[in-house]
Amino acid sequence: EAGVVQSPRYKIIEKKQPVAFWCNPISGHNTLYWYLQNLGQGPELLIRYENEEAVDDSQLPKDRFSAERLKGVDSTLKIQPAELGDSAVYLCASSLVSGYNEQFFGPGTRLTVL
Amino acid sequence: QKEVEQNSGPLSVPEGAIASLNCTYSDRGSQSFFWYRQYSGKSPELIMSIYSNGDKEDGRFTAQLNKASQYVSLLIRDSQPSDSATYLCAVNMEGANDMRFGAGTRLTVKP
């Protein structure tokens with residue numbers, strides 16, 4: 001069974017530029033998560049999707065971040081414009097359903113904003 | 001108080017010893033608990049999940065849960081250098097269908 005796929009793996013951009021990350025969850029997993037992880041910290045939830053509906057986006061900085069999950073499968077997370085403080089690893093995870101289910105992570109995208 | 005707390009370490013143990021990693025959480029209603037291993041530069045990998053009080057064993061790993069004390073631990077027996085990583089404790093908060101992660105404990109197993 002293929003795991004969670006993310007691209008790109010690395011991205012270097014200048015501040016104020018836009019950037020987008022893509023995630024394909026494990027087949028059959030209805031719930032998809034985007035996390036942000038800073039060095040030395042645990043992942044922090046940005047947004048959670050159940051199928052195509054964003055059910056928890058309270059931690060998503062909506063002035064510059066946006067996300068979508070069309071057709072309830074793949075998802076894209078966008079930052080526009082990027083700021084220096086956005087440099088981090090962006091992780092996508094999926095689970096069969098939300099709640100108590102185990103989450104499985106993709107390899108992540110390491111973003112560097114110069 | 002942080003929702004999920006771990007000792008950041010580093011925790012250093014000799015090869016073959018038992019490594020003990022601890023985690024406390026703030027939400028008394030939490031029902032599911034997970035341990036992830038994260039190698040440097042890699043993403044978290046699920047190694048154990050536990051849902052009821054007591055011990056759960058899987059190979060060299062044992063997860064222990066005490067809901068009354070709001071405490072979950074991970075024991076690694078016969079530690080190997082390949083176990084050197086950061087171990088993240090994750091807890092599903094009651095009423096929230098997402099997990100809260102601790103900052104992780106960095107484990108080093110010395111040959």
# chains A, B, ... in the order shown; residues from 1 in each chain; ligands from 1
>>> interface_residues(of="chain B", to="chain A", cutoff="8 Å", atoms="only C-alpha atoms", output="JSON, numbers by chain")
{"B": [31, 32, 34, 42, 43, 44, 45, 46, 49, 88, 92, 96, 97, 98, 99, 100, 101, 102, 103, 104]}
>>> residues_around(residues="Gln70 of chain B", least_positions_apart="4", cutoff="7 Å", atoms="only C-alpha atoms", output="list in words")
Thr24, Tyr25, Arg28 and Asn66 of chain B
>>> residues_around(residues="Gln80 of chain A", least_positions_apart="2", cutoff="9 Å", atoms="only C-alpha atoms", output="PyMOL selection string")
chain A and resi 16-20+63-66+78+82-83
>>> select_by_dssp(residues="chain A", states="strand (DSSP E)", output="PyMOL selection string")
chain A and resi 5-7+10-13+19-24+31-37+44-50+53-56+65-68+75-79+88-95+104-105+109-113
>>> atom_distance(atom1="atom CA of Gly16 of chain B", atom2="atom CA of Gly54 of chain B")
24.3 Å
>>> select_by_dssp(residues="chain A", states="helix (DSSP H, G or I)", output="list in words")
Leu70, Lys71, Gly72, Leu84, Gly85 and Asp86 of chain A
>>> atom_distance(atom1="atom CA of Lys11 of chain A", atom2="atom CA of Leu111 of chain A")
4.9 Å
>>> closest_residue(among="A:Leu84, A:Ala2, A:Thr112, A:Ser75", to="Gly28 of chain A", atoms="only C-alpha atoms")
A:Ala2
>>> closest_residue(among="B:Asp58, B:Gly29, B:Arg77, B:Tyr36", to="Cys89 of chain B", atoms="only C-alpha atoms")
B:Tyr36
>>> atom_distance(atom1="atom CA of Gln6 of chain B", atom2="atom CA of Phe33 of chain B")
13.5 Å
>>> closest_residue(among="A:Leu46, A:Val4, A:Ile13, A:Val113", to="Ser27 of chain A", atoms="only C-alpha atoms")
A:Val4
